[in-house]
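Report on one structure; see the data block that follows.
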Amino acid sequence: MDALKINHSNRTLEVLAKIMNSYATKHDCSVKYNAAYNSLDFHGDASHKLEIAHETSYILND
């Protein structure tokens with residue numbers, strides 16, 4: 001069997017934003033990747049930020 005070549009791309013924050021956004025939509029919030037600043041932009045009720053981060057970290061650390 002031949003080796004499978006994988007092209008690495010550093011898009012960690014972009015992928016994280018998509019995962020977090022799936023949780024954020026439950027709370028009528030959104031998390032978007034800002035390529036210009038290489039950051040995550042949160043939109044919505046600030047009281048949900050911690051819960052969204054906790055839910056995301058739970059799935060990633062499982």
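We label chains A, B, ... in the order they appear in the structure tokens, count residues from 1 in each chain, and number ligands from 1 in the order shown.
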(message) Among chain A, which residues does DSSP mark as helix (DSSP H, G or I) when it is run on the backbone? Keep the chain and numbering as in the structure and answer as an MDAnalysis selection string.
(response) chainID A and resid 12:27 46:61
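Excluding segment 10-20 of chain A and any residue on its chain fewer than 2 positions from it, the residues at most 8 Å away by only C-alpha atoms are His8, Ser22, Tyr23, Ala24, Val31, Lys32, Tyr33, Asn38, Ser39, Leu40, Ile52, Ala53 and Thr56 of chain A.
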For the selection just defined, write its residues with N, CA and C atoms to a file, as a PDB file, in the first residue's frame.
```
ATOM      1  N   HIS A   8      -0.821  19.811   4.771  1.00  0.00           N
ATOM      2  CA  HIS A   8      -1.161  20.479   6.032  1.00  0.00           C
ATOM      3  C   HIS A   8      -1.526  21.927   5.763  1.00  0.00           C
ATOM      4  N   SER A  22     -21.786  25.721  15.690  1.00  0.00           N
ATOM      5  CA  SER A  22     -22.853  24.727  15.756  1.00  0.00           C
ATOM      6  C   SER A  22     -23.495  24.707  17.138  1.00  0.00           C
ATOM      7  N   TYR A  23     -22.711  24.940  18.179  1.00  0.00           N
ATOM      8  CA  TYR A  23     -23.267  25.049  19.529  1.00  0.00           C
ATOM      9  C   TYR A  23     -23.938  26.404  19.737  1.00  0.00           C
ATOM     10  N   ALA A  24     -23.362  27.441  19.182  1.00  0.00           N
ATOM     11  CA  ALA A  24     -23.870  28.800  19.382  1.00  0.00           C
ATOM     12  C   ALA A  24     -25.264  28.990  18.790  1.00  0.00           C
ATOM     13  N   VAL A  31     -20.540  32.311  16.099  1.00  0.00           N
ATOM     14  CA  VAL A  31     -19.090  32.460  16.225  1.00  0.00           C
ATOM     15  C   VAL A  31     -18.539  32.377  14.816  1.00  0.00           C
ATOM     16  N   LYS A  32     -17.855  33.414  14.402  1.00  0.00           N
ATOM     17  CA  LYS A  32     -17.304  33.474  13.045  1.00  0.00           C
ATOM     18  C   LYS A  32     -15.801  33.682  13.105  1.00  0.00           C
ATOM     19  N   TYR A  33     -15.105  33.119  12.141  1.00  0.00           N
ATOM     20  CA  TYR A  33     -13.664  33.308  12.012  1.00  0.00           C
ATOM     21  C   TYR A  33     -13.394  34.610  11.275  1.00  0.00           C
ATOM     22  N   ASN A  38      -7.221  37.042  12.350  1.00  0.00           N
ATOM     23  CA  ASN A  38      -6.952  35.673  12.796  1.00  0.00           C
ATOM     24  C   ASN A  38      -7.546  35.455  14.189  1.00  0.00           C
ATOM     25  N   SER A  39      -8.847  35.760  14.317  1.00  0.00           N
ATOM     26  CA  SER A  39      -9.516  35.680  15.608  1.00  0.00           C
ATOM     27  C   SER A  39     -10.926  35.130  15.434  1.00  0.00           C
ATOM     28  N   LEU A  40     -11.561  34.846  16.558  1.00  0.00           N
ATOM     29  CA  LEU A  40     -12.942  34.407  16.562  1.00  0.00           C
ATOM     30  C   LEU A  40     -13.808  35.568  17.016  1.00  0.00           C
ATOM     31  N   ILE A  52     -20.971  27.995  25.674  1.00  0.00           N
ATOM     32  CA  ILE A  52     -20.567  27.557  24.336  1.00  0.00           C
ATOM     33  C   ILE A  52     -19.118  27.069  24.354  1.00  0.00           C
ATOM     34  N   ALA A  53     -18.249  27.802  25.030  1.00  0.00           N
ATOM     35  CA  ALA A  53     -16.843  27.389  25.141  1.00  0.00           C
ATOM     36  C   ALA A  53     -16.728  26.071  25.889  1.00  0.00           C
ATOM     37  N   THR A  56     -17.919  23.155  23.674  1.00  0.00           N
ATOM     38  CA  THR A  56     -16.936  22.889  22.626  1.00  0.00           C
ATOM     39  C   THR A  56     -15.714  22.169  23.192  1.00  0.00           C
TER      40      THR A  56
END
```
(request) Run DSSP on the backbone of this structure and report the residues of chain A it assigns to strand (DSSP E or B), as an MDAnalysis selection string. (result) chainID A and resid 30:34 39:43
(request) Please indicate the distance in Å from atom CA of Glu51 of chain A to atom CA of Asn34 of chain A, rounded to one decimal place. (result) 21.2 Å
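Interatomic distance, atom CA of Ser47 of chain A to atom CA of Asn21 of chain A: 15.4 Å.
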(request) Take atom CA of Asp28 of chain A and atom CA of Ala46 of chain A and report the distance between them in Å, one decimal. (result) 11.2 Å
